[in-house]
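Single-structure report; data block below.
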Amino acid sequence: MSATGRGMLPSRALSAVSRLAGIDLARGLAVFGMFAAHLLVIDPFDPTQPLTWLDVVNGRSSILFATVAGVSIALMTGRAGSAGTQPLSGRSLTVARRRLAVRAAILWAIGMMLSATGVPVFVILQAYGILFLLALPLVRLSVRTLWMLAASIALVVPWVLPSIDTALLNAGEVGGDLVLLLGWQYPFPLWAAFMIAGLAAARSDLRAWRTQVVLVAAGATCAIVALAASAFSSAPRGSYLGRVLSDEAHSGGVFEAVGSGGFALAVIGLCLLICRTPMRVAVLPIRAVGAMPLTAYVGQIVAWGIWASLSLGDVHDLAGFRALQPFWPFVLATLVFCTAWAVFLGRGPLERALGFATRVVVPG
């Protein structure tokens, strides 16, 4: 079934009972957070300088994106039950897993093509595809096991990442190729924790207000504890221990994994709570973007490449492109396009194409 549902008018798609509006909202916020991280010059966070508060998008937006991916995987491999999204079984699960594998391969290929444009962005789709593959054996696990696995990965993997990073660096050109192929700026051994946390959240009852409140409270607690622990840490910056415990964006440290992972869960819970209120209608344009994140993400990078080529003659000039102040034009264009498409046509163009391709390769 498509995102619009059989027999449903496109204009009603985003209001369908079967959709989790809060998940669309969270996904849309993650997309715009990545826009900001890519397109804006953001000074390091200073609580006394409100203009620096936007630094919250650095690292956390992509982690939110990966966490919501876990929710999407749960929805693709499950059915609604009284206690949340229950995993499929039998032939239905086999088909869902095969389609997930095809989706992973296509996303990885799209990521490689976007990287080939030369646009100075660390494309997340290669890692996204790998995370989809890693999810295949996990979709039948219990909620408790999923939460324990996510927490274990977040606490353990940062201790081995510095060694892997060093090995890739020392491997020269081969290491550089592996970084590109694996999307290693988003190291999948650690980022699996965020995907699994999203899967665990979706296997709970995301429609229940109690679950939503718990996500906000528990996620915020993780974020605050990690921030406090980082503030009191005496590990020298740049040392092995400093790298392991770091809370800096894209550092892969324990404090980043716990803090930003908790932040992502809190945002998901908050978005679900917001969409229980009349605000659900007010945020519809952001939800429309969140309903077609692949279209929005790919569109941003393609538009960036075209605009930079025409205006600067150099796709690689990040500072020059940021000087053109493209953030708000990109945001407004994305909001207008996605809202209009969702209202009149329903499912996003790339989402529709991806769904069609997976059904052709793996018939139901």
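FYI, nothing fancy with the structure tokens labels: chains A, B, ... in order, residues from 1 per chain, ligands from 1 as they appear.
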
Problem - All residues 10 Å or closer to Ala193 of chain A, only C-alpha atoms, same chain fewer than 5 positions away omitted, as a ChimeraX atom specification - result: /A:63,66-67,70,131,146-155,157,188,198-199,257-258,261

Include C-alpha atoms and write out the residues we just selected as a PDB file, in the first residue's frame.
```pdb
ATOM      1  CA  ILE A  63      21.114  11.304  14.186  1.00  0.00           C
ATOM      2  CA  ALA A  66      18.748   7.810  11.447  1.00  0.00           C
ATOM      3  CA  THR A  67      16.542   7.243  14.493  1.00  0.00           C
ATOM      4  CA  GLY A  70      14.411   2.836  12.572  1.00  0.00           C
ATOM      5  CA  LEU A 131      21.752   0.424   8.292  1.00  0.00           C
ATOM      6  CA  LEU A 146      16.200  -3.896  21.021  1.00  0.00           C
ATOM      7  CA  TRP A 147      16.566  -1.242  23.740  1.00  0.00           C
ATOM      8  CA  MET A 148      19.365  -3.209  25.418  1.00  0.00           C
ATOM      9  CA  LEU A 149      21.156  -3.691  22.105  1.00  0.00           C
ATOM     10  CA  ALA A 150      20.893   0.026  21.230  1.00  0.00           C
ATOM     11  CA  ALA A 151      22.263   1.059  24.644  1.00  0.00           C
ATOM     12  CA  SER A 152      25.105  -1.473  24.485  1.00  0.00           C
ATOM     13  CA  ILE A 153      26.213  -0.297  21.054  1.00  0.00           C
ATOM     14  CA  ALA A 154      26.111   3.374  22.107  1.00  0.00           C
ATOM     15  CA  LEU A 155      28.295   2.660  25.143  1.00  0.00           C
ATOM     16  CA  VAL A 157      31.378   0.976  19.987  1.00  0.00           C
ATOM     17  CA  PHE A 188      27.391   2.366  10.797  1.00  0.00           C
ATOM     18  CA  GLY A 198      13.945   3.964  16.535  1.00  0.00           C
ATOM     19  CA  LEU A 199      12.953   0.372  15.801  1.00  0.00           C
ATOM     20  CA  ALA A 257      25.894   8.919  21.173  1.00  0.00           C
ATOM     21  CA  VAL A 258      23.991   9.055  24.463  1.00  0.00           C
ATOM     22  CA  GLY A 261      20.501   9.758  20.671  1.00  0.00           C
TER      23      GLY A 261
END
```

Problem - Shell of 12 Å around Thr94 of chain A, only C-alpha atoms, local chain residues under 3 positions omitted, as JSON, numbers by chain - result: {"A": [76, 77, 78, 87, 88, 89, 90, 91, 97, 98, 99, 100, 101, 136, 137, 139, 140, 362, 363, 364]}

Could you build a table of the residues in segment 212-327 of chain A lying no more than 7 Å from segment 23-44 of chain A, giving for each the nearest pair of atoms and their separation in Å rounded to one decimal place, using only C-alpha atoms, ordered by chain and ascending residue number, as a Markdown table?
```
| residue | atom | partner | partner_atom | distance |
| --- | --- | --- | --- | --- |
| A:Val267 | CA | A:Ala26 | CA | 6.7 |
| A:Ile268 | CA | A:Ala26 | CA | 5.7 |
| A:Cys271 | CA | A:Ala26 | CA | 5.9 |
| A:Leu272 | CA | A:Ile23 | CA | 6.7 |
| A:Ile286 | CA | A:Gly28 | CA | 5.3 |
| A:Arg287 | CA | A:Leu25 | CA | 4.5 |
| A:Val289 | CA | A:Gly28 | CA | 5.1 |
| A:Gly290 | CA | A:Gly28 | CA | 3.7 |
| A:Ala291 | CA | A:Asp24 | CA | 5.4 |
| A:Pro293 | CA | A:Val31 | CA | 6.7 |
| A:Tyr297 | CA | A:Val31 | CA | 6.9 |
| A:Arg322 | CA | A:Leu39 | CA | 5.6 |
| A:Pro326 | CA | A:Leu39 | CA | 6.7 |
| A:Phe327 | CA | A:Leu39 | CA | 5.7 |
```

Exercise for the section: Check segment 55-97 of chain A with DSSP on the backbone and list each residue it calls helix (DSSP H, G or I), as a ChimeraX atom specification. Expected result: /A:55-57,60-76,90-97

Could you please take those selected residues and save C-alpha atoms as an mmCIF file, in the first residue's frame?
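Result saved to out-v2.cif:
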```
data_model
loop_
_atom_site.group_PDB
_atom_site.id
_atom_site.type_symbol
_atom_site.label_atom_id
_atom_site.label_comp_id
_atom_site.auth_asym_id
_atom_site.auth_seq_id
_atom_site.Cartn_x
_atom_site.Cartn_y
_atom_site.Cartn_z
ATOM 1 C CA ASP A 55 24.352 24.762 16.695
ATOM 2 C CA VAL A 56 21.908 22.158 18.016
ATOM 3 C CA VAL A 57 21.376 21.009 14.410
ATOM 4 C CA ARG A 60 21.853 15.896 15.993
ATOM 5 C CA SER A 61 19.803 16.387 12.819
ATOM 6 C CA SER A 62 21.398 13.440 11.041
ATOM 7 C CA ILE A 63 21.114 11.304 14.186
ATOM 8 C CA LEU A 64 17.409 12.188 14.358
ATOM 9 C CA PHE A 65 17.161 11.192 10.692
ATOM 10 C CA ALA A 66 18.748 7.810 11.447
ATOM 11 C CA THR A 67 16.542 7.243 14.493
ATOM 12 C CA VAL A 68 13.388 7.954 12.513
ATOM 13 C CA ALA A 69 14.725 5.511 9.909
ATOM 14 C CA GLY A 70 14.411 2.836 12.572
ATOM 15 C CA VAL A 71 10.765 3.804 13.045
ATOM 16 C CA SER A 72 10.220 3.549 9.278
ATOM 17 C CA ILE A 73 11.826 0.096 9.203
ATOM 18 C CA ALA A 74 9.486 -1.048 11.962
ATOM 19 C CA LEU A 75 6.488 0.212 10.003
ATOM 20 C CA MET A 76 7.687 -1.502 6.814
ATOM 21 C CA GLY A 90 5.935 -16.049 7.605
ATOM 22 C CA ARG A 91 5.876 -15.098 3.941
ATOM 23 C CA SER A 92 4.865 -11.506 4.729
ATOM 24 C CA LEU A 93 8.054 -11.007 6.721
ATOM 25 C CA THR A 94 10.161 -12.653 4.018
ATOM 26 C CA VAL A 95 8.768 -10.285 1.385
ATOM 27 C CA ALA A 96 9.242 -7.278 3.679
ATOM 28 C CA ARG A 97 12.860 -8.213 4.381
#
```

Per-residue nearest contacts of segment 232-322 of chain A to segment 108-111 of chain A (12 Å; only C-alpha atoms) as JSON lines:
```
{"residue": "A:Leu294", "atom": "CA", "partner": "A:Ile110", "partner_atom": "CA", "distance": 9.8}
{"residue": "A:Thr295", "atom": "CA", "partner": "A:Ile110", "partner_atom": "CA", "distance": 11.3}
{"residue": "A:Tyr297", "atom": "CA", "partner": "A:Gly111", "partner_atom": "CA", "distance": 10.4}
{"residue": "A:Val298", "atom": "CA", "partner": "A:Ile110", "partner_atom": "CA", "distance": 8.5}
{"residue": "A:Gly299", "atom": "CA", "partner": "A:Ile110", "partner_atom": "CA", "distance": 11.8}
{"residue": "A:Ile301", "atom": "CA", "partner": "A:Gly111", "partner_atom": "CA", "distance": 10.6}
{"residue": "A:Val302", "atom": "CA", "partner": "A:Ile110", "partner_atom": "CA", "distance": 11.6}
```

Handout entry: Selected residue, from A:Leu114, A:Ala200, A:Ala264, A:Leu181, that lies nearest to Ala220 of chain A when counting only C-alpha atoms
Key =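 Answer, going by the shortest atom-to-atom distance: A:Ala264.
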
Near segment 201-215 of chain A, 7 Å: segment 247-280 of chain A residue rows, closest pairs, only C-alpha atoms, as JSON lines:
```
{"residue": "A:Leu265", "atom": "CA", "partner": "A:Leu215", "partner_atom": "CA", "distance": 5.7}
{"residue": "A:Ala266", "atom": "CA", "partner": "A:Leu215", "partner_atom": "CA", "distance": 5.4}
{"residue": "A:Gly269", "atom": "CA", "partner": "A:Gln212", "partner_atom": "CA", "distance": 4.4}
{"residue": "A:Leu270", "atom": "CA", "partner": "A:Gln212", "partner_atom": "CA", "distance": 7.0}
{"residue": "A:Leu272", "atom": "CA", "partner": "A:Gln212", "partner_atom": "CA", "distance": 6.4}
{"residue": "A:Leu273", "atom": "CA", "partner": "A:Gln212", "partner_atom": "CA", "distance": 6.4}
```

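Atom CA of Ile106 of chain A is found 13.0 Å from atom CA of Val360 of chain A.
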
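Minimum distance to Ala249 of chain A across A:Tyr186, A:Asn170, A:Ala228, A:Leu20 (counting only C-alpha atoms) occurs at A:Tyr186.
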
Exercise for the section: Please indicate the distance in Å from atom CA of Met113 of chain A to atom CA of Gly305 of chain A, rounded to one decimal place. Expected result: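 We find that atom CA of Met113 of chain A and atom CA of Gly305 of chain A lie 12.3 Å from each other.
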
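Remark: for Ser115 of chain A, the closest of the candidate residues A:Arg276, A:His250, A:His316, A:Arg359 is A:His316 (distances computed over only C-alpha atoms).
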
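Between atom CA of Trp184 of chain A and atom CA of Leu318 of chain A there is a distance of 20.5 Å.
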
Handout entry: Polymer residues at most 7 Å from Leu182 of chain A, only C-alpha atoms, same-chain spacing of 4 or more positions, as a list in words
Key =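 Contacts, with the query itself left out: Gln126, Ala127 and Leu178 of chain A.
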